[in-house]
$ cat final_22.pdb   # PDB, C-alpha atoms
ATOM      1  CA  GLY A 642      29.148  20.232 -29.595
ATOM      2  CA  THR A 643      29.620  22.823 -26.886
ATOM      3  CA  ALA A 644      29.486  21.787 -23.273
ATOM      4  CA  GLY A 645      26.484  22.791 -21.203
ATOM      5  CA  PRO A 646      26.655  25.334 -18.376
ATOM      6  CA  SER A 647      28.760  24.212 -15.446
ATOM      7  CA  VAL A 648      27.030  23.807 -12.105
ATOM      8  CA  LEU A 649      28.348  25.934  -9.274
ATOM      9  CA  GLU A 650      30.069  23.834  -6.650
ATOM     10  CA  GLU A 651      27.848  25.165  -3.862
ATOM     11  CA  LEU A 652      24.817  23.894  -5.776
ATOM     12  CA  ARG A 653      25.994  20.301  -5.899
ATOM     13  CA  LEU A 654      24.033  18.126  -3.494
ATOM     14  CA  PRO A 655      25.039  14.780  -2.031
ATOM     15  CA  PRO A 656      23.185  11.720  -3.379
ATOM     16  CA  CYS A 657      19.619  11.706  -2.119
ATOM     17  CA  GLU A 658      16.254  10.146  -2.857
ATOM     18  CA  PRO A 659      15.055  11.005  -6.402
ATOM     19  CA  VAL A 660      12.727  14.009  -6.574
ATOM     20  CA  PRO A 661       9.548  13.401  -8.636
ATOM     21  CA  TYR A 662       9.959  16.653 -10.624
ATOM     22  CA  ASP A 663      12.157  17.700 -13.538
ATOM     23  CA  THR A 664      12.325  21.340 -12.512
ATOM     24  CA  ILE A 665      10.474  24.157 -10.749
ATOM     25  CA  GLU A 666       9.182  27.015 -12.873
ATOM     26  CA  VAL A 667       7.833  29.350 -10.187
ATOM     27  CA  LEU A 668       8.029  29.870  -6.434
ATOM     28  CA  ALA A 669       5.391  31.860  -4.556
ATOM     29  CA  ASN A 670       4.491  32.863  -1.031
ATOM     30  CA  HIS A 671       2.358  35.543   0.632
ATOM     31  CA  GLU A 672       4.863  38.271  -0.300
ATOM     32  CA  ASN A 673       6.002  37.669  -3.875
ATOM     33  CA  VAL A 674       6.301  35.400  -6.908
ATOM     34  CA  TRP A 675       9.664  34.369  -8.384
ATOM     35  CA  ALA A 676      10.388  32.966 -11.849
ATOM     36  CA  ASN A 677      13.159  30.397 -12.116
ATOM     37  CA  LEU A 678      15.905  31.538 -14.519
ATOM     38  CA  GLN A 679      18.158  28.526 -13.953
ATOM     39  CA  SER A 680      18.554  25.777 -16.522
ATOM     40  CA  PHE A 681      19.771  23.093 -14.134
ATOM     41  CA  PRO A 682      17.965  19.928 -12.992
ATOM     42  CA  ILE A 683      15.998  20.357  -9.800
ATOM     43  CA  THR A 684      18.705  18.731  -7.668
ATOM     44  CA  SER A 685      21.164  21.414  -8.815
ATOM     45  CA  LEU A 686      18.973  24.483  -8.362
ATOM     46  CA  GLY A 687      19.971  27.256  -5.994
ATOM     47  CA  PHE A 688      17.166  28.533  -3.772
ATOM     48  CA  ASP A 689      18.607  31.826  -2.581
ATOM     49  CA  LEU A 690      15.830  34.187  -3.669
ATOM     50  CA  GLU A 691      18.084  37.219  -3.205
ATOM     51  CA  HIS A 692      19.979  36.211  -6.380
ATOM     52  CA  GLU A 693      17.965  37.806  -9.172
ATOM     53  CA  ASP A 694      20.081  36.075 -11.799
ATOM     54  CA  ARG A 695      18.542  32.825 -10.525
ATOM     55  CA  TRP A 696      15.076  33.901  -9.357
ATOM     56  CA  LEU A 697      13.397  36.920 -10.974
ATOM     57  CA  PRO A 698      10.906  38.561  -8.576
ATOM     58  CA  PHE A 699       7.519  39.683  -9.856
ATOM     59  CA  ILE A 700       7.278  42.490  -7.293
ATOM     60  CA  LYS A 701      10.314  44.798  -7.095
ATOM     61  CA  PRO A 702      10.496  47.834  -4.785
ATOM     62  CA  GLY A 703      10.647  51.039  -6.806
ATOM     63  CA  VAL A 704       9.864  49.198 -10.034
ATOM     64  CA  PHE A 705       6.570  47.373  -9.599
ATOM     65  CA  GLU A 706       4.773  47.431  -6.254
ATOM     66  CA  PRO A 707       1.198  46.157  -6.463
ATOM     67  CA  LEU A 708      -0.673  44.931  -3.424
ATOM     68  CA  PRO A 709       0.780  41.699  -2.016
ATOM     69  CA  PRO A 710      -0.674  38.549  -3.601
ATOM     70  CA  VAL A 711      -3.649  37.052  -1.796
ATOM     71  CA  PRO A 712      -4.284  33.285  -1.906
ATOM     72  CA  PHE A 713      -7.628  32.205  -3.314
ATOM     73  CA  TYR A 714      -8.048  29.738  -0.444
ATOM     74  CA  PRO A 715      -7.980  30.240   3.328
ATOM     75  CA  ALA A 716      -4.531  29.550   4.712
ATOM     76  CA  TYR A 717      -4.625  27.057   7.562
ATOM     77  CA  ARG A 718      -1.802  25.605   9.561
ATOM     78  CA  LEU A 719      -1.113  22.016   8.570
ATOM     79  CA  GLY A 720      -2.479  19.700  11.217
ATOM     80  CA  PRO A 721      -0.279  17.275  13.148
ATOM     81  CA  LYS A 722      -0.111  13.514  12.761
ATOM     82  CA  LEU A 723      -2.548  11.338  14.664
ATOM     83  CA  PRO A 724      -1.004  10.038  17.907
ATOM     84  CA  PRO A 725      -0.045   6.339  18.196
ATOM     85  CA  THR A 726      -2.838   5.668  20.697
ATOM     86  CA  ARG A 727      -5.413   6.885  18.172
ATOM     87  CA  LEU A 728      -3.893   4.741  15.420
ATOM     88  CA  ARG A 729      -4.032   1.650  17.631
ATOM     89  CA  ALA A 730      -7.688   2.318  18.430
ATOM     90  CA  ILE A 731      -8.574   2.741  14.732
ATOM     91  CA  ARG A 732      -6.708  -0.447  13.837
ATOM     92  CA  SER A 733      -8.339  -2.491  16.591
ATOM     93  CA  GLN A 734     -11.843  -1.254  15.797
ATOM     94  CA  LEU A 735     -11.505  -1.940  12.079
ATOM     95  CA  GLN A 736      -9.965  -5.388  12.485
ATOM     96  CA  HIS A 737     -12.617  -6.498  14.980
ATOM     97  CA  ALA A 738     -15.425  -5.128  12.796
ATOM     98  CA  LEU A 739     -14.191  -6.936   9.683
ATOM     99  CA  LYS A 740     -13.627 -10.223  11.498
ATOM    100  CA  ARG A 741     -17.057  -9.937  13.082
ATOM    101  CA  GLU A 742     -18.651  -9.575   9.640
ATOM    102  CA  TYR A 743     -16.717 -12.564   8.313
ATOM    103  CA  ARG A 744     -17.730 -14.691  11.285
ATOM    104  CA  SER A 745     -21.380 -13.636  11.116
ATOM    105  CA  TRP A 746     -21.687 -14.244   7.375
ATOM    106  CA  ARG A 747     -20.239 -17.746   7.544
ATOM    107  CA  GLN A 748     -21.884 -18.913  10.758
ATOM    108  CA  THR A 749     -25.365 -17.945   9.571
ATOM    109  CA  ARG A 750     -24.755 -20.290   6.628
ATOM    110  CA  ASN A 751     -23.350 -23.122   8.756
ATOM    111  CA  MET A 752     -19.860 -22.656   7.302
ATOM    112  CA  LYS A 753     -16.703 -23.103   9.349
ATOM    113  CA  MET A 754     -14.827 -19.992  10.442
ATOM    114  CA  ARG A 755     -11.128 -20.447  11.173
ATOM    115  CA  TRP A 756      -8.252 -17.947  11.387
ATOM    116  CA  ASN A 757      -4.617 -18.553  10.503
ATOM    117  CA  THR A 758      -2.751 -16.368  13.002
ATOM    118  CA  ARG A 759       0.674 -17.223  11.590
ATOM    119  CA  VAL A 760      -0.288 -15.882   8.177
ATOM    120  CA  GLU A 761      -1.870 -12.830   9.821
ATOM    121  CA  SER A 762       1.438 -12.056  11.522
ATOM    122  CA  SER A 763       3.217 -12.181   8.162
ATOM    123  CA  LEU A 764       0.565  -9.944   6.599
ATOM    124  CA  ASP A 765       1.110  -7.402   9.383
ATOM    125  CA  HIS A 766       4.793  -7.184   8.463
ATOM    126  CA  GLY A 767       3.863  -6.918   4.801
ATOM    127  CA  LEU A 768       1.609  -3.918   5.347
ATOM    128  CA  HIS A 769       4.517  -2.035   6.910
ATOM    129  CA  ALA A 770       6.658  -2.852   3.866
ATOM    130  CA  LEU A 771       3.882  -1.824   1.460
ATOM    131  CA  GLU A 772       3.334   1.528   3.183
ATOM    132  CA  LYS A 773       7.044   2.289   3.177
ATOM    133  CA  ALA A 774       7.386   1.389  -0.502
ATOM    134  CA  ARG A 775       4.311   3.468  -1.390
ATOM    135  CA  SER A 776       5.824   6.509   0.337
ATOM    136  CA  SER A 777       9.301   6.078  -1.126
ATOM    137  CA  SER A 778      11.022   5.889  -4.490
ATOM    138  CA  LEU A 779      14.042   3.964  -3.208
ATOM    139  CA  PRO A 780      14.598   0.651  -5.033
ATOM    140  CA  THR A 781      15.514  -1.011  -1.743
ATOM    141  CA  ASP A 782      11.993  -0.454  -0.418
ATOM    142  CA  ALA A 783      10.496  -2.160  -3.468
ATOM    143  CA  VAL A 784      12.935  -5.042  -2.973
ATOM    144  CA  ALA A 785      11.782  -5.310   0.647
ATOM    145  CA  VAL A 786       8.223  -5.913  -0.588
ATOM    146  CA  ASP A 787       9.422  -8.720  -2.862
ATOM    147  CA  LYS A 788      11.344 -10.279   0.027
ATOM    148  CA  TRP A 789       8.265 -10.128   2.225
ATOM    149  CA  LYS A 790       6.205 -11.908  -0.447
ATOM    150  CA  GLY A 791       8.698 -14.762  -0.277
ATOM    151  CA  ASP A 792       8.426 -14.831   3.516
ATOM    152  CA  LEU A 793       4.630 -14.917   3.213
ATOM    153  CA  MET A 794       4.741 -17.979   0.988
ATOM    154  CA  ALA A 795       7.145 -19.621   3.443
ATOM    155  CA  ALA A 796       4.594 -19.072   6.226
ATOM    156  CA  MET A 797       1.952 -21.104   4.392
ATOM    157  CA  PRO A 798       1.144 -24.595   5.688
ATOM    158  CA  PRO A 799       2.343 -27.427   3.413
ATOM    159  CA  ASP A 800       0.179 -28.321   0.414
ATOM    160  CA  THR A 801      -1.925 -25.171   0.594
ATOM    161  CA  LYS A 802      -2.573 -22.207  -1.648
ATOM    162  CA  PHE A 803      -3.120 -18.580  -0.708
ATOM    163  CA  ILE A 804      -5.384 -16.029  -2.331
ATOM    164  CA  GLY A 805      -5.762 -12.476  -1.101
ATOM    165  CA  ARG A 806      -4.942  -8.842  -1.684
ATOM    166  CA  PRO A 807      -4.164  -5.616   0.153
ATOM    167  CA  PHE A 808      -6.471  -2.606   0.262
ATOM    168  CA  THR A 809      -5.468   0.942   1.103
ATOM    169  CA  PHE A 810      -7.768   3.751   2.220
ATOM    170  CA  SER A 811      -7.357   7.365   3.286
ATOM    171  CA  ILE A 812     -10.391   7.135   5.567
ATOM    172  CA  ILE A 813     -10.830   5.682   9.048
ATOM    173  CA  ASP A 814     -14.573   4.944   9.005
ATOM    174  CA  SER A 815     -14.638   1.214   9.779
ATOM    175  CA  GLU A 816     -18.244   0.860   8.627
ATOM    176  CA  LEU A 817     -17.466   2.220   5.153
ATOM    177  CA  ILE A 818     -14.313   0.124   4.807
ATOM    178  CA  VAL A 819     -15.974  -3.107   5.954
ATOM    179  CA  ASP A 820     -18.970  -2.529   3.691
ATOM    180  CA  HIS A 821     -16.693  -1.967   0.689
ATOM    181  CA  ILE A 822     -14.635  -5.108   1.296
ATOM    182  CA  MET A 823     -17.619  -7.357   2.040
ATOM    183  CA  SER A 824     -19.651  -6.149  -0.949
ATOM    184  CA  LYS A 825     -16.875  -5.994  -3.549
ATOM    185  CA  HIS A 826     -14.576  -8.890  -2.624
ATOM    186  CA  ASP A 827     -16.045 -12.279  -1.767
ATOM    187  CA  TYR A 828     -13.173 -14.058  -0.032
ATOM    188  CA  HIS A 829     -15.564 -14.765   2.847
ATOM    189  CA  LYS A 830     -17.710 -16.907   0.527
ATOM    190  CA  ASN A 831     -15.024 -19.550   0.018
ATOM    191  CA  SER A 832     -16.845 -22.880   0.226
ATOM    192  CA  ASN A 833     -13.846 -25.077   1.047
ATOM    193  CA  LYS A 834     -14.608 -26.705   4.396
ATOM    194  CA  ASP A 835     -10.917 -26.520   5.361
ATOM    195  CA  ALA A 836     -10.461 -22.846   4.443
ATOM    196  CA  ALA A 837      -8.665 -20.648   6.966
ATOM    197  CA  PHE A 838      -8.771 -16.867   6.765
ATOM    198  CA  ALA A 839      -6.297 -14.124   7.602
ATOM    199  CA  ILE A 840      -7.048 -10.437   8.107
ATOM    200  CA  ALA A 841      -4.424  -7.831   8.953
ATOM    201  CA  VAL A 842      -4.900  -4.099   9.527
ATOM    202  CA  GLN A 843      -2.315  -1.351   9.939
ATOM    203  CA  CYS A 844      -2.695   2.422  10.213
ATOM    204  CA  PHE A 845       0.017   4.967   9.440
ATOM    205  CA  ALA A 846      -0.045   8.634  10.397
ATOM    206  CA  HIS A 847       0.627  11.517   8.019
ATOM    207  CA  TYR A 848       0.524  15.265   8.548
ATOM    208  CA  GLY A 849      -2.848  16.949   8.408
ATOM    209  CA  ALA A 850      -4.374  14.178  10.555
ATOM    210  CA  VAL A 851      -4.403  11.963   7.458
ATOM    211  CA  CYS A 852      -4.401   8.240   8.162
ATOM    212  CA  SER A 853      -3.151   5.713   5.636
ATOM    213  CA  THR A 854      -5.280   2.665   6.421
ATOM    214  CA  TRP A 855      -4.177  -0.711   5.060
ATOM    215  CA  VAL A 856      -6.177  -3.935   5.139
ATOM    216  CA  TYR A 857      -4.984  -7.299   3.866
ATOM    217  CA  VAL A 858      -7.584 -10.029   3.413
ATOM    218  CA  GLY A 859      -6.529 -13.547   2.512
ATOM    219  CA  CYS A 860      -7.686 -17.144   2.472
ATOM    220  CA  VAL A 861      -5.617 -20.330   2.831
ATOM    221  CA  THR A 862      -7.027 -23.529   1.340
ATOM    222  CA  PRO A 863      -5.531 -26.996   0.835
ATOM    223  CA  HIS A 864      -4.614 -28.056  -2.672
ATOM    224  CA  ALA A 865      -7.046 -30.465  -4.285
ATOM    225  CA  LYS A 866      -6.002 -33.993  -3.390
ATOM    226  CA  ALA A 867      -4.228 -35.722  -6.216
ATOM    227  CA  LYS A 868      -6.141 -38.634  -7.579
ATOM    228  CA  LYS A 869      -4.536 -42.015  -7.434
ATOM    229  CA  LYS A 870      -2.681 -43.070 -10.531
ATOM    230  CA  ASP A 871      -4.818 -46.138 -11.014
ATOM    231  CA  GLU A 872      -7.884 -43.872 -11.053
ATOM    232  CA  ASP A 873      -6.368 -41.513 -13.595
ATOM    233  CA  ASP A 874      -4.874 -44.171 -15.883
ATOM    234  CA  PRO A 875      -7.462 -46.512 -17.441
ATOM    235  CA  THR A 876      -4.718 -48.960 -18.409
ATOM    236  CA  GLN A 877      -3.928 -49.401 -14.725
ATOM    237  CA  LYS A 878      -7.564 -50.246 -14.040
ATOM    238  CA  LYS A 879      -7.582 -52.772 -16.861
ATOM    239  CA  LYS A 880      -4.444 -54.404 -15.542
ATOM    240  CA  GLY A 881      -6.046 -54.654 -12.136
ATOM    241  CA  ARG A 882      -9.123 -56.354 -13.563
ATOM    242  CA  ASP A 883      -7.069 -58.742 -15.688
ATOM    243  CA  ALA A 884      -4.671 -59.687 -12.921
ATOM    244  CA  GLY A 885      -5.050 -63.164 -11.469
ATOM    245  CA  PRO A 886      -3.766 -66.706 -11.765
ATOM    246  CA  ARG A 887      -3.652 -68.059 -15.271
ATOM    247  CA  LYS A 888      -5.043 -71.454 -16.066
ATOM    248  CA  PRO A 889      -2.400 -74.003 -16.943
TER
END

$ encode --input "final_22.pdb" --output "structure tokens"
Amino acid sequence: GTAGPSVLEELRLPPCEPVPYDTIEVLANHENVWANLQSFPITSLGFDLEHEDRWLPFIKPGVFEPLPPVPFYPAYRLGPKLPPTRLRAIRSQLQHALKREYRSWRQTRNMKMRWNTRVESSLDHGLHALEKARSSSLPTDAVAVDKWKGDLMAAMPPDTKFIGRPFTFSIIDSELIVDHIMSKHDYHKNSNKDAAFAIAVQCFAHYGAVCSTWVYVGCVTPHAKAKKKDEDDPTQKKKGRDAGPRKP
């Protein structure tokens, strides 16, 4: 078969993070609309809009000059990210509110309330890894999450099991978040008298004053004690009953 069109050298880009699009059909701004005439993958497209053999303009002086396009929505400047001090305040408020609800629910039912701070520290690191992996398509970021899961299991006390899950929200209303977690996920109802709980919260800033709010709720409980062999094996019990000095 015939070879495809060769890519101009100036269009070749160095290796970069994969783009989640196959191509771009149209570009538009407040002045014009351009149709893409190139047949290359998105990473090989040229974006010089003065080249009409690559981008065909809808409005051309002396050919077609309608009124400039008007967006159907009000154009606002994209807001900045929330400052670190605000993120810390949101995180602290949410974590205290959720722990307060856990403590109140269990204490009013005469159930022990204990926290495992070592596991909470590991969960904090995990939320950073989860946010980075969610915002990236790099395989190394997904691998970092798997590595953290191994570190989390290593942080568990001996002979215990861990149950829990992360939650992610795009809101910062602690009352709504706490109500959702308490009403939909009943980790706080664990009846094991030796249960220890872990709650971690992290907040990450994005443009437009958007906050990516992560909460990880978990519970650490001891494994059920193994029964003695002589209790599990009826033959052992029989041997115990039959044991004794024999008559001559």

$ residues_near_point --input "final_22.pdb" --point "(-5.0, -20.6, 3.0)" --cutoff "9 Å" --atoms "only C-alpha atoms" --output "VMD selection string"
chain A and resid 757 760 797 to 798 801 to 804 835 to 839 859 to 863

$ closest_residue --input "final_22.pdb" --among "A:Met823, A:Leu793, A:Ala774, A:Val851" --to "A:Leu723" --atoms "all atoms listed in the file"
A:Val851

$ atom_distance --input "final_22.pdb" --atom1 "atom CA of A:Lys830" --atom2 "atom CA of A:Val786"
28.2 Å

$ residues_around --input "final_22.pdb" --residues "stretch 700-705 of chain A" --least-positions-apart "5" --cutoff "10 Å" --atoms "all atoms listed in the file" --output "VMD selection string"
chain A and resid 672 to 675 710

$ write_last_selection --input "final_22.pdb" --atoms "C-alpha atoms" --output "PDB file, in the frame of the given file"
ATOM      1  CA  GLU A 672       4.863  38.271  -0.300  1.00  0.00           C
ATOM      2  CA  ASN A 673       6.002  37.669  -3.875  1.00  0.00           C
ATOM      3  CA  VAL A 674       6.301  35.400  -6.908  1.00  0.00           C
ATOM      4  CA  TRP A 675       9.664  34.369  -8.384  1.00  0.00           C
ATOM      5  CA  PRO A 710      -0.674  38.549  -3.601  1.00  0.00           C
TER       6      PRO A 710
END

$ atom_distance --input "final_22.pdb" --atom1 "atom CA of A:Ile818" --atom2 "atom CA of A:Arg750"
23.0 Å

$ closest_residue --input "final_22.pdb" --among "A:Phe699, A:Leu739, A:Arg806, A:Pro715" --to "A:His821" --atoms "all atoms listed in the file"
A:Leu739

$ residues_near_point --input "final_22.pdb" --point "(-8.8, 3.9, 5.0)" --cutoff "9 Å" --atoms "all atoms listed in the file" --output "ChimeraX atom specification"
/A:808-815,817-818,844,852-856

$ closest_residue --input "final_22.pdb" --among "A:Glu706, A:Asp800, A:Asp827, A:Glu816" --to "A:Ala738" --atoms "all atoms listed in the file"
A:Glu816

$ atom_distance --input "final_22.pdb" --atom1 "atom CA of A:Gly791" --atom2 "atom CA of A:Gln843"
20.1 Å
